[in-house]
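Asker: I'm passing along structure34.txt; it holds compact mmCIF, C-alpha atoms.
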# COMPACT_ATOMS: atom_id res chain seq x y z
CA MET A 1 0.00 0.00 0.00
CA LYS A 2 2.83 2.40 0.98
CA ARG A 3 4.51 1.49 -2.32
CA VAL A 4 1.35 2.33 -4.30
CA ILE A 5 1.07 5.69 -2.55
CA SER A 6 4.67 6.65 -3.19
CA VAL A 7 4.41 5.72 -6.88
CA ARG A 8 1.22 7.78 -7.09
CA LYS A 9 2.94 10.72 -5.37
CA ARG A 10 5.73 10.65 -7.93
CA ALA A 11 3.21 10.44 -10.78
CA LEU A 12 1.36 13.46 -9.38
CA ALA A 13 4.62 15.42 -8.98
CA ALA A 14 5.58 14.68 -12.61
CA ASN A 15 2.08 15.73 -13.67
CA ASP A 16 2.34 19.00 -11.71
CA GLU A 17 5.60 19.82 -13.47
CA ARG A 18 4.09 19.26 -16.92
CA ALA A 19 1.00 21.22 -15.93
CA GLY A 20 3.25 24.12 -14.86
CA SER A 21 4.82 24.22 -18.34
CA LEU A 22 1.38 24.10 -19.95
CA ARG A 23 0.22 26.99 -17.74
CA GLU A 24 3.19 29.14 -18.87
CA ARG A 25 2.45 28.30 -22.48
CA PHE A 26 -1.25 29.19 -22.10
CA ALA A 27 -0.31 32.47 -20.37
CA ALA A 28 2.08 33.40 -23.19
CA ALA A 29 -0.66 32.69 -25.74
CA GLY A 30 -3.31 34.58 -23.74
CA THR A 31 -5.55 31.50 -23.72
CA LEU A 32 -8.01 31.03 -20.86
CA VAL A 33 -8.20 27.34 -19.96
CA VAL A 34 -11.20 25.83 -18.19
CA ASN A 35 -11.22 22.26 -16.81
CA LEU A 36 -14.77 20.87 -16.49
CA ILE A 37 -15.32 18.03 -14.02
CA SER A 38 -18.49 16.13 -13.08
CA SER A 39 -20.19 12.75 -12.85
CA PRO A 40 -21.03 11.04 -16.14
CA GLY A 41 -24.21 12.58 -17.48
CA SER A 42 -24.24 15.84 -15.52
CA GLY A 43 -24.30 17.76 -18.78
CA LYS A 44 -20.71 18.87 -19.47
CA THR A 45 -21.04 18.38 -23.23
CA SER A 46 -24.49 19.97 -23.32
CA LEU A 47 -23.17 23.01 -21.43
CA LEU A 48 -20.25 23.28 -23.89
CA GLU A 49 -22.58 22.98 -26.91
CA ALA A 50 -24.70 25.82 -25.53
CA THR A 51 -21.55 27.81 -24.71
CA VAL A 52 -19.91 27.63 -28.14
CA ARG A 53 -23.25 28.61 -29.70
CA ARG A 54 -23.70 31.60 -27.37
CA LEU A 55 -20.18 33.00 -26.94
CA ASP A 56 -19.18 36.10 -28.88
CA PRO A 57 -18.34 34.73 -32.37
CA GLY A 58 -15.23 36.95 -32.31
CA LEU A 59 -13.76 34.66 -29.64
CA ARG A 60 -11.82 31.65 -30.83
CA CYS A 61 -12.57 28.67 -28.65
CA ALA A 62 -11.99 24.94 -28.87
CA VAL A 63 -12.57 21.83 -26.79
CA LEU A 64 -10.38 18.92 -25.74
CA GLU A 65 -12.70 16.03 -24.92
CA GLY A 66 -11.63 13.31 -22.48
CA ASP A 67 -13.39 9.97 -22.49
CA VAL A 68 -12.74 6.31 -21.83
CA ALA A 69 -14.35 5.41 -25.14
CA THR A 70 -16.16 6.82 -28.23
CA GLN A 71 -15.62 9.96 -30.33
CA ARG A 72 -19.15 11.10 -29.59
CA ASP A 73 -18.50 14.21 -27.50
CA ALA A 74 -15.99 15.72 -29.94
CA GLU A 75 -18.50 15.11 -32.76
CA ARG A 76 -21.22 16.91 -30.79
CA ILE A 77 -18.97 19.95 -30.20
CA ARG A 78 -17.95 20.14 -33.87
CA ALA A 79 -21.63 19.96 -34.84
CA ALA A 80 -22.22 22.90 -32.48
CA GLY A 81 -19.61 24.89 -34.40
CA ALA A 82 -16.29 24.71 -32.54
CA PRO A 83 -13.12 22.72 -33.21
CA ALA A 84 -12.80 19.73 -30.92
CA HIS A 85 -10.35 16.90 -30.41
CA GLN A 86 -11.12 13.65 -28.63
CA ILE A 87 -8.61 12.19 -26.16
CA LEU A 88 -9.30 8.53 -25.32
CA THR A 89 -7.81 7.53 -21.98
CA GLY A 90 -7.88 3.77 -22.61
CA GLY A 91 -9.70 3.05 -19.40
CA ALA A 92 -8.02 5.68 -17.19
CA CYS A 93 -10.45 7.58 -14.97
CA HIS A 94 -9.08 11.10 -15.55
CA LEU A 95 -7.04 13.22 -17.95
CA ASP A 96 -3.44 14.10 -17.14
CA ALA A 97 -1.13 16.90 -18.30
CA ARG A 98 0.78 14.59 -20.65
CA GLN A 99 -2.45 13.79 -22.52
CA ILE A 100 -3.16 17.52 -22.84
CA VAL A 101 0.29 18.11 -24.36
CA THR A 102 -0.22 15.28 -26.86
CA GLY A 103 -3.85 16.22 -27.50
CA LEU A 104 -2.87 19.80 -28.36
CA GLU A 105 -0.17 18.58 -30.76
CA GLU A 106 -2.67 16.32 -32.51
CA ALA A 107 -5.46 18.89 -32.54
CA GLY A 108 -3.39 21.74 -34.01
CA PHE A 109 -5.64 24.45 -32.51
CA THR A 110 -4.18 27.92 -33.12
CA ASP A 111 -4.57 31.33 -31.44
CA LEU A 112 -7.24 30.29 -28.98
CA ASP A 113 -8.98 32.71 -26.63
CA ILE A 114 -10.59 29.92 -24.62
CA LEU A 115 -9.69 26.26 -24.40
CA PHE A 116 -12.25 24.06 -22.68
CA ILE A 117 -11.09 20.71 -21.34
CA GLU A 118 -13.95 18.32 -20.70
CA ASN A 119 -12.54 15.78 -18.29
CA VAL A 120 -13.58 12.11 -18.06
CA GLY A 121 -16.97 11.71 -16.33
CA ASN A 122 -15.87 11.14 -12.75
CA LEU A 123 -16.32 13.24 -9.64
CA ILE A 124 -13.24 11.91 -7.83
CA CYS A 125 -10.12 11.04 -9.86
CA PRO A 126 -9.80 14.17 -12.08
CA THR A 127 -9.68 16.39 -8.99
CA SER A 128 -5.99 15.76 -8.20
CA TYR A 129 -4.63 16.20 -11.73
CA ASP A 130 -3.62 19.74 -12.66
CA LEU A 131 -3.95 20.24 -16.43
CA GLY A 132 -2.50 23.76 -16.51
CA GLU A 133 -6.00 25.24 -16.38
CA ASP A 134 -6.91 28.69 -15.05
CA PHE A 135 -9.70 27.19 -13.02
CA LYS A 136 -11.74 24.05 -12.46
CA VAL A 137 -15.50 23.97 -12.89
CA ALA A 138 -17.62 21.38 -11.08
CA LEU A 139 -20.99 20.54 -12.59
CA LEU A 140 -23.85 19.04 -10.60
CA SER A 141 -27.23 18.29 -12.15
CA VAL A 142 -30.40 18.64 -10.06
CA THR A 143 -31.27 15.02 -10.86
CA GLU A 144 -28.21 13.74 -8.96
CA GLY A 145 -29.46 14.53 -5.47
CA ASP A 146 -28.74 17.39 -3.11
CA ASP A 147 -26.19 15.58 -0.93
CA LYS A 148 -23.36 15.56 -3.46
CA PRO A 149 -21.06 18.45 -2.43
CA PHE A 150 -20.52 17.03 1.07
CA LYS A 151 -20.20 13.50 -0.36
CA TYR A 152 -17.52 14.60 -2.87
CA PRO A 153 -15.87 17.45 -0.97
CA ALA A 154 -12.53 17.53 -2.79
CA ILE A 155 -13.83 18.70 -6.14
CA PHE A 156 -16.35 21.19 -4.74
CA SER A 157 -13.58 22.67 -2.53
CA ARG A 158 -11.24 23.16 -5.46
CA ALA A 159 -13.62 24.26 -8.20
CA GLU A 160 -13.74 28.03 -8.49
CA VAL A 161 -17.11 27.71 -10.20
CA THR A 162 -19.92 25.25 -9.57
CA VAL A 163 -22.51 25.02 -12.34
CA VAL A 164 -25.84 23.55 -11.25
CA THR A 165 -27.23 22.05 -14.45
CA LYS A 166 -30.65 20.83 -15.70
CA ILE A 167 -32.54 23.31 -13.54
CA ASP A 168 -35.45 22.93 -15.96
CA LEU A 169 -36.02 19.56 -14.20
CA LEU A 170 -36.21 21.11 -10.72
CA ALA A 171 -40.00 20.80 -10.59
CA HIS A 172 -39.80 17.03 -11.11
CA VAL A 173 -37.19 16.04 -8.51
CA ALA A 174 -36.53 16.44 -4.80
CA PHE A 175 -33.51 18.76 -4.83
CA ASP A 176 -32.95 21.45 -2.21
CA LEU A 177 -31.03 24.03 -4.26
CA PRO A 178 -30.33 26.47 -1.37
CA ALA A 179 -28.98 23.55 0.71
CA VAL A 180 -26.65 22.57 -2.14
CA GLU A 181 -25.40 26.13 -2.53
CA GLU A 182 -24.83 26.29 1.23
CA GLN A 183 -22.76 23.06 1.07
CA VAL A 184 -20.68 24.44 -1.80
CA ARG A 185 -20.05 27.72 0.09
CA THR A 186 -19.11 25.82 3.25
CA LEU A 187 -16.49 23.90 1.27
CA ASN A 188 -15.34 26.92 -0.72
CA PRO A 189 -16.48 30.33 0.54
CA SER A 190 -15.34 32.13 -2.63
CA ALA A 191 -17.01 29.71 -5.07
CA ARG A 192 -19.18 31.19 -7.78
CA ILE A 193 -22.37 29.27 -8.42
CA VAL A 194 -24.26 29.46 -11.70
CA ARG A 195 -27.62 27.79 -12.31
CA THR A 196 -28.11 26.66 -15.89
CA SER A 197 -30.32 24.71 -18.24
CA ALA A 198 -28.84 23.79 -21.61
CA THR A 199 -32.41 22.90 -22.67
CA THR A 200 -34.10 26.25 -21.94
CA GLY A 201 -30.95 28.37 -22.17
CA GLU A 202 -31.41 29.72 -18.63
CA GLY A 203 -28.15 30.88 -17.06
CA ILE A 204 -26.06 30.38 -20.20
CA ASP A 205 -25.57 34.14 -20.67
CA ARG A 206 -24.39 34.49 -17.08
CA TRP A 207 -21.95 31.60 -17.53
CA CYS A 208 -20.64 33.12 -20.79
CA SER A 209 -20.21 36.52 -19.08
CA LEU A 210 -18.21 34.85 -16.33
CA LEU A 211 -15.93 33.34 -18.99
CA THR A 212 -15.39 36.60 -20.87
CA GLU A 213 -14.73 38.45 -17.57
CA ARG A 214 -12.09 35.88 -16.67
CA LEU A 215 -10.59 36.11 -20.16
CA ARG A 216 -10.35 39.92 -19.87
CA ALA A 217 -8.82 39.63 -16.39
CA LYS A 218 -6.23 37.20 -17.68
CA GLY A 219 -5.41 39.47 -20.63
CA ALA A 220 -4.98 42.43 -18.23
CA ALA A 221 -2.79 40.39 -15.88
CA THR A 222 -0.46 39.13 -18.60
CA ALA A 223 -0.37 42.37 -20.69
CA MET B 1 4.27 4.70 -16.27
CA LYS B 2 5.34 1.05 -16.60
CA ARG B 3 6.16 1.14 -12.87
CA VAL B 4 2.70 2.48 -12.00
CA ILE B 5 1.06 -0.24 -14.10
CA SER B 6 3.03 -3.06 -12.54
CA VAL B 7 2.29 -1.80 -9.01
CA ARG B 8 -1.39 -1.59 -9.95
CA LYS B 9 -1.29 -5.12 -11.37
CA ARG B 10 0.11 -6.45 -8.11
CA ALA B 11 -2.53 -4.53 -6.11
CA LEU B 12 -5.27 -6.06 -8.29
CA ALA B 13 -3.81 -9.56 -7.91
CA ALA B 14 -3.74 -9.18 -4.10
CA ASN B 15 -7.32 -7.90 -4.24
CA ASP B 16 -8.44 -10.88 -6.35
CA GLU B 17 -6.96 -13.25 -3.79
CA ARG B 18 -8.80 -11.61 -0.90
CA ALA B 19 -12.00 -11.50 -2.94
CA GLY B 20 -11.65 -15.25 -3.57
CA SER B 21 -11.54 -15.91 0.18
CA LEU B 22 -14.57 -13.66 0.70
CA ARG B 23 -16.46 -15.56 -2.01
CA GLU B 24 -15.79 -18.89 -0.28
CA ARG B 25 -16.94 -17.44 3.00
CA PHE B 26 -20.16 -16.06 1.47
CA ALA B 27 -20.82 -19.42 -0.23
CA ALA B 28 -20.40 -21.29 3.07
CA ALA B 29 -22.81 -18.88 4.76
CA GLY B 30 -25.33 -19.06 1.88
CA THR B 31 -25.25 -15.28 1.52
CA LEU B 32 -26.00 -13.74 -1.89
CA VAL B 33 -23.73 -10.73 -2.45
CA VAL B 34 -24.61 -7.95 -4.86
CA ASN B 35 -22.13 -5.19 -5.83
CA LEU B 36 -23.93 -2.04 -7.04
CA ILE B 37 -21.97 0.34 -9.28
CA SER B 38 -22.99 3.61 -10.93
CA SER B 39 -22.25 7.31 -11.31
CA PRO B 40 -22.88 9.50 -8.29
CA GLY B 41 -26.58 10.25 -8.09
CA SER B 42 -27.91 7.43 -10.29
CA GLY B 43 -30.05 6.24 -7.40
CA LYS B 44 -28.16 3.32 -5.79
CA THR B 45 -29.25 4.28 -2.27
CA SER B 46 -32.83 5.00 -3.38
CA LEU B 47 -33.02 1.58 -5.07
CA LEU B 48 -31.70 -0.07 -1.90
CA GLU B 49 -34.18 1.81 0.31
CA ALA B 50 -37.03 0.60 -1.92
CA THR B 51 -35.54 -2.91 -1.95
CA VAL B 52 -35.22 -3.38 1.80
CA ARG B 53 -38.77 -2.08 2.20
CA ARG B 54 -40.15 -4.46 -0.43
CA LEU B 55 -38.17 -7.69 0.07
CA ASP B 56 -39.79 -10.59 1.91
CA PRO B 57 -39.39 -9.63 5.60
CA GLY B 58 -38.30 -13.22 6.25
CA LEU B 59 -35.07 -12.50 4.37
CA ARG B 60 -32.20 -11.08 6.38
CA CYS B 61 -30.41 -8.44 4.37
CA ALA B 62 -27.86 -5.73 5.13
CA VAL B 63 -25.89 -3.08 3.29
CA LEU B 64 -22.22 -2.10 3.23
CA GLU B 65 -22.07 1.50 2.03
CA GLY B 66 -18.95 2.86 0.29
CA ASP B 67 -18.36 6.59 0.11
CA VAL B 68 -15.54 9.09 0.05
CA ALA B 69 -17.24 11.09 2.81
CA THR B 70 -20.34 11.29 5.05
CA GLN B 71 -22.37 8.64 6.90
CA ARG B 72 -25.48 9.70 5.05
CA ASP B 73 -26.19 6.61 2.94
CA ALA B 74 -25.88 4.16 5.86
CA GLU B 75 -28.26 6.38 7.84
CA ARG B 76 -30.78 6.30 5.00
CA ILE B 77 -30.66 2.50 4.80
CA ARG B 78 -31.09 2.10 8.57
CA ALA B 79 -34.06 4.48 8.42
CA ALA B 80 -35.52 2.21 5.70
CA GLY B 81 -35.26 -0.71 8.11
CA ALA B 82 -32.09 -2.69 7.34
CA PRO B 83 -28.73 -2.86 9.12
CA ALA B 84 -26.06 -0.85 7.34
CA HIS B 85 -22.41 -0.02 7.86
CA GLN B 86 -20.59 2.88 6.26
CA ILE B 87 -17.11 2.38 4.80
CA LEU B 88 -15.26 5.64 4.18
CA THR B 89 -12.56 5.27 1.55
CA GLY B 90 -10.62 8.40 2.50
CA GLY B 91 -10.62 9.74 -1.03
CA ALA B 92 -10.21 6.42 -2.87
CA CYS B 93 -12.49 6.07 -5.88
CA HIS B 94 -13.66 2.48 -5.28
CA LEU B 95 -14.06 -0.18 -2.60
CA ASP B 96 -11.60 -3.06 -2.40
CA ALA B 97 -11.81 -6.54 -0.90
CA ARG B 98 -9.72 -5.55 2.13
CA GLN B 99 -12.27 -2.86 3.03
CA ILE B 100 -15.07 -5.44 2.74
CA VAL B 101 -13.24 -7.76 5.17
CA THR B 102 -12.74 -4.92 7.68
CA GLY B 103 -16.23 -3.53 7.11
CA LEU B 104 -17.82 -6.90 7.85
CA GLU B 105 -15.78 -7.24 11.06
CA GLU B 106 -16.88 -3.80 12.20
CA ALA B 107 -20.50 -4.25 11.14
CA GLY B 108 -21.01 -7.60 12.86
CA PHE B 109 -23.84 -8.66 10.52
CA THR B 110 -24.92 -12.26 11.19
CA ASP B 111 -26.68 -14.94 9.14
CA LEU B 112 -27.40 -12.80 6.11
CA ASP B 113 -29.41 -13.98 3.13
CA ILE B 114 -28.43 -10.99 1.01
CA LEU B 115 -25.55 -8.56 1.43
CA PHE B 116 -25.71 -5.48 -0.75
CA ILE B 117 -22.49 -3.56 -1.35
CA GLU B 118 -23.09 -0.03 -2.57
CA ASN B 119 -19.82 0.98 -4.20
CA VAL B 120 -18.42 4.52 -4.35
CA GLY B 121 -20.23 6.65 -6.95
CA ASN B 122 -18.01 6.11 -9.97
CA LEU B 123 -18.64 4.36 -13.26
CA ILE B 124 -14.99 3.47 -13.92
CA CYS B 125 -12.72 2.56 -10.98
CA PRO B 126 -14.96 0.08 -9.09
CA THR B 127 -15.24 -2.09 -12.21
CA SER B 128 -11.83 -3.79 -11.80
CA TYR B 129 -12.11 -4.59 -8.08
CA ASP B 130 -13.67 -7.94 -7.27
CA LEU B 131 -15.34 -7.79 -3.84
CA GLY B 132 -16.30 -11.48 -3.67
CA GLU B 133 -19.78 -10.66 -4.98
CA ASP B 134 -22.08 -13.06 -6.85
CA PHE B 135 -22.72 -10.42 -9.46
CA LYS B 136 -22.28 -6.76 -10.30
CA VAL B 137 -25.21 -4.47 -11.00
CA ALA B 138 -24.77 -1.33 -13.08
CA LEU B 139 -27.29 1.46 -12.56
CA LEU B 140 -28.00 4.14 -15.15
CA SER B 141 -30.59 6.86 -14.63
CA VAL B 142 -32.57 8.19 -17.57
CA THR B 143 -31.37 11.70 -16.73
CA GLU B 144 -27.73 10.78 -17.50
CA GLY B 145 -28.09 10.53 -21.26
CA ASP B 146 -28.51 7.57 -23.56
CA ASP B 147 -24.88 7.34 -24.69
CA LYS B 148 -23.48 5.95 -21.44
CA PRO B 149 -23.11 2.18 -22.03
CA PHE B 150 -20.83 2.69 -25.05
CA LYS B 151 -18.95 5.51 -23.25
CA TYR B 152 -18.31 3.30 -20.18
CA PRO B 153 -18.15 -0.15 -21.77
CA ALA B 154 -16.21 -1.97 -19.05
CA ILE B 155 -18.87 -1.84 -16.38
CA PHE B 156 -21.80 -2.53 -18.71
CA SER B 157 -19.91 -5.54 -20.13
CA ARG B 158 -19.29 -7.02 -16.70
CA ALA B 159 -22.56 -6.25 -14.92
CA GLU B 160 -24.92 -9.22 -15.05
CA VAL B 161 -27.79 -6.83 -14.40
CA THR B 162 -28.32 -3.27 -15.60
CA VAL B 163 -30.96 -1.31 -13.70
CA VAL B 164 -32.31 1.69 -15.59
CA THR B 165 -33.45 4.04 -12.81
CA LYS B 166 -35.69 7.13 -12.52
CA ILE B 167 -37.94 6.00 -15.37
CA ASP B 168 -40.65 8.24 -13.91
CA LEU B 169 -38.60 11.12 -15.40
CA LEU B 170 -38.60 9.63 -18.92
CA ALA B 171 -41.26 12.08 -20.14
CA HIS B 172 -39.07 15.05 -19.21
CA VAL B 173 -35.75 14.09 -20.80
CA ALA B 174 -34.38 13.01 -24.17
CA PHE B 175 -33.44 9.39 -23.47
CA ASP B 176 -33.80 6.65 -26.06
CA LEU B 177 -34.45 3.64 -23.81
CA PRO B 178 -34.47 0.99 -26.58
CA ALA B 179 -31.14 2.36 -27.87
CA VAL B 180 -29.64 2.07 -24.37
CA GLU B 181 -30.88 -1.50 -24.00
CA GLU B 182 -29.41 -2.30 -27.40
CA GLN B 183 -26.02 -0.88 -26.31
CA VAL B 184 -26.11 -2.94 -23.10
CA ARG B 185 -26.98 -6.14 -25.04
CA THR B 186 -24.22 -5.46 -27.57
CA LEU B 187 -21.71 -5.23 -24.73
CA ASN B 188 -23.18 -8.16 -22.80
CA PRO B 189 -25.66 -10.37 -24.67
CA SER B 190 -26.76 -12.18 -21.49
CA ALA B 191 -27.35 -9.01 -19.44
CA ARG B 192 -30.66 -8.70 -17.66
CA ILE B 193 -32.15 -5.23 -17.81
CA VAL B 194 -34.68 -3.95 -15.27
CA ARG B 195 -36.45 -0.59 -15.53
CA THR B 196 -37.24 0.97 -12.16
CA SER B 197 -38.47 4.04 -10.38
CA ALA B 198 -37.83 4.27 -6.66
CA THR B 199 -40.32 7.16 -6.63
CA THR B 200 -43.33 5.35 -8.16
CA GLY B 201 -42.22 1.83 -7.21
CA GLU B 202 -42.31 0.67 -10.84
CA GLY B 203 -40.05 -2.32 -11.48
CA ILE B 204 -39.11 -2.82 -7.82
CA ASP B 205 -41.07 -6.09 -7.61
CA ARG B 206 -39.31 -7.41 -10.70
CA TRP B 207 -35.91 -6.45 -9.26
CA CYS B 208 -36.77 -8.12 -5.93
CA SER B 209 -37.90 -11.29 -7.76
CA LEU B 210 -34.59 -11.36 -9.61
CA LEU B 211 -32.78 -11.20 -6.25
CA THR B 212 -34.81 -13.97 -4.63
CA GLU B 213 -34.42 -16.16 -7.75
CA ARG B 214 -30.65 -15.71 -7.56
CA LEU B 215 -30.67 -16.43 -3.82
CA ARG B 216 -32.60 -19.67 -4.41
CA ALA B 217 -30.25 -20.67 -7.23
CA LYS B 218 -27.25 -20.06 -5.00
CA GLY B 219 -28.82 -22.11 -2.20
CA ALA B 220 -29.49 -24.97 -4.63
CA ALA B 221 -25.95 -24.82 -6.02
CA THR B 222 -24.27 -24.91 -2.62
CA ALA B 223 -26.70 -27.34 -0.94
Could you write out this structure as structure tokens?

Answerer:
Amino acid sequence: MKRVISVRKRALAANDERAGSLRERFAAAGTLVVNLISSPGSGKTSLLEATVRRLDPGLRCAVLEGDVATQRDAERIRAAGAPAHQILTGGACHLDARQIVTGLEEAGFTDLDILFIENVGNLICPTSYDLGEDFKVALLSVTEGDDKPFKYPAIFSRAEVTVVTKIDLLAHVAFDLPAVEEQVRTLNPSARIVRTSATTGEGIDRWCSLLTERLRAKGAATA
Amino acid sequence: MKRVISVRKRALAANDERAGSLRERFAAAGTLVVNLISSPGSGKTSLLEATVRRLDPGLRCAVLEGDVATQRDAERIRAAGAPAHQILTGGACHLDARQIVTGLEEAGFTDLDILFIENVGNLICPTSYDLGEDFKVALLSVTEGDDKPFKYPAIFSRAEVTVVTKIDLLAHVAFDLPAVEEQVRTLNPSARIVRTSATTGEGIDRWCSLLTERLRAKGAATA
């Protein structure tokens, strides 16, 4: 067990180093990088489809898609109008910085304003792997139950933004939204919480404003 | 990387050995053991609450609950009327056979007909860890999207039973149920598929019959 932990520690340290280089590269290019993390089926791809459709068309954005299997998510993003590249992890439960380096080489994206990284559907493993992002976003759909932030505290502590998705279904499920927001704020007092529905479009403008604000702030910081 | 893989291989081999001993022990005791695996929020605990309420009261059943954090699921099961013991994984993304051994010691369950193991909410990592169960059950809620079996093929290939949950919400979401069942059968031609709603009770009788059938078959095989 001790052996497993020390090997994992070394793997994480090597990942952190690669992520640091990626972060410098993204800063030099002025690219805002957003790492989206959630359970399978919380609506990461749906949020990204709505986002690429709604963002200022003057902004160049692209998506790196992480999945165990299938090209489906990258196809959905391309159909929504943005370049996308699928990274298949071959069974691994999270993306790592090495896969981002390789994925970017293969994708050949150029001059991006925003790079979205959709992590593998998993609320636990992706949390520890820095991908050189500016910030992590945790998604939680109202159909998943209102106990999730306290049950998966690591990701909700580290995500600067929590997006509560599928709020169009709120009338049909038992989900105490204020209690969830309270849990998120307990874990991370500075968290920003956005309520969205990719189906009705609710909250998508607010989410897009948050992205463009962060992009401007990054541009100002690195100018 | 090679080093990480070989350490993981050894950890899995050690786990398989412990799981083998657990399986012998469960066979000697005539206990049917069911390992439930799904994304966070697919409704594992809700299915188990409905199950312990509906099963023949002459059957002695209990639940080992696996979570990263909180005692909440064990509390819910006890409130539904069955003994339950919470295993906290301390951040690990799956249960392993060692935790089942320790959990059973701590729980002190006796003379069980059915032991349910609710794994950590995660559609990937728990798949590789044998817990000495008779069979794995994969749960998929209709709110998670109808692309999930092909996106997470390992668990849907190995689960003898797939439970499609929250079918009361089918009218409110885009979810092609026949397409999902087709994906499951492509991955595992002998899979049994049960459609349930813990809210309306639909399918719970069928699920409970499947459990009692399997319990009888196990009794006949070991008699």

Asker: Just how far from CA of Pro40 (chain B) is CA of Ile204 (chain A), in Å to one decimal?

Answerer: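 Between CA of Ile204 (chain A) and CA of Pro40 (chain B) the gap works out to 24.2 Å.
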
Asker: With distances taken over all atoms listed in the file, which of B:Leu104, B:Val7, B:Leu187, B:Leu169 is nearest to Leu131 (chain B)?

Answerer: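 Among the listed residues, the smallest separation from Leu131 (chain B) belongs to B:Leu104.
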
Asker: For a test of reading the model, state the distance in Å between CA of Cys208 (chain B) and CA of Leu55 (chain B), rounded to one decimal.

Answerer: 6.2 Å

Asker: Could you pull the residues within 7 Å of region 115-119 of chain A, counting all atoms listed in the file, minus those fewer than 4 positions along the same chain, as a list in words?

Answerer: Thr31, Leu32, Val33, Val34, Asn35, Leu36, Ile37, Lys44, Cys61, Ala62, Val63, Leu64, Glu65, Gly66, His94, Leu95 and Pro126 of chain A

Asker: How many Å lie between CA of Gly108 (chain B) and CA of Leu139 (chain B), rounded to one decimal?

Answerer: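 CA of Leu139 (chain B) lies 27.7 Å from CA of Gly108 (chain B).
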
Asker: Kindly provide, as a list in words, the polymer residues lying within 8 Å of (-10.2, 16.1, -31.9), counting all atoms listed in the file and using the coordinates exactly as they appear in the file.

Answerer: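 Residues with an atom at most 8 Å from (-10.2, 16.1, -31.9): Leu64, Glu65, Ala74, Pro83, Ala84, His85, Gln86, Ile87, Gly103, Glu106 and Ala107 of chain A.
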
Asker: Pick from A:Leu12, A:Ile193, A:Leu211, A:Leu112: nearest to Ala28 (chain A), with only C-alpha atoms counted?

Answerer: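 Looking at the shortest contact to Ala28 (chain A), the residue is A:Leu112.
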
Asker: I'd like the neighbourhood of Ala50 (chain B) as an MDAnalysis selection string, where a residue qualifies if any of its atoms comes within 12 Å (using all atoms listed in the file), though same-chain residues fewer than 6 positions away should be ignored.

Answerer: chainID B and resid 43:44 76:77 79:82 165 196:205 207:208

Asker: Can you tell me, as a PyMOL selection string, what residues are no more than 10 Å from Leu22 (chain B) when counting all atoms listed in the file, ignoring any on the same chain fewer than 4 positions away?

Answerer: chain B and resi 16-18+26-28+97-98+100-101+130-133

Asker: With distances taken over only C-alpha atoms, which of A:Arg54, A:Arg25, A:Lys9, A:Arg158 is nearest to Ser209 (chain A)?

Answerer: A:Arg54
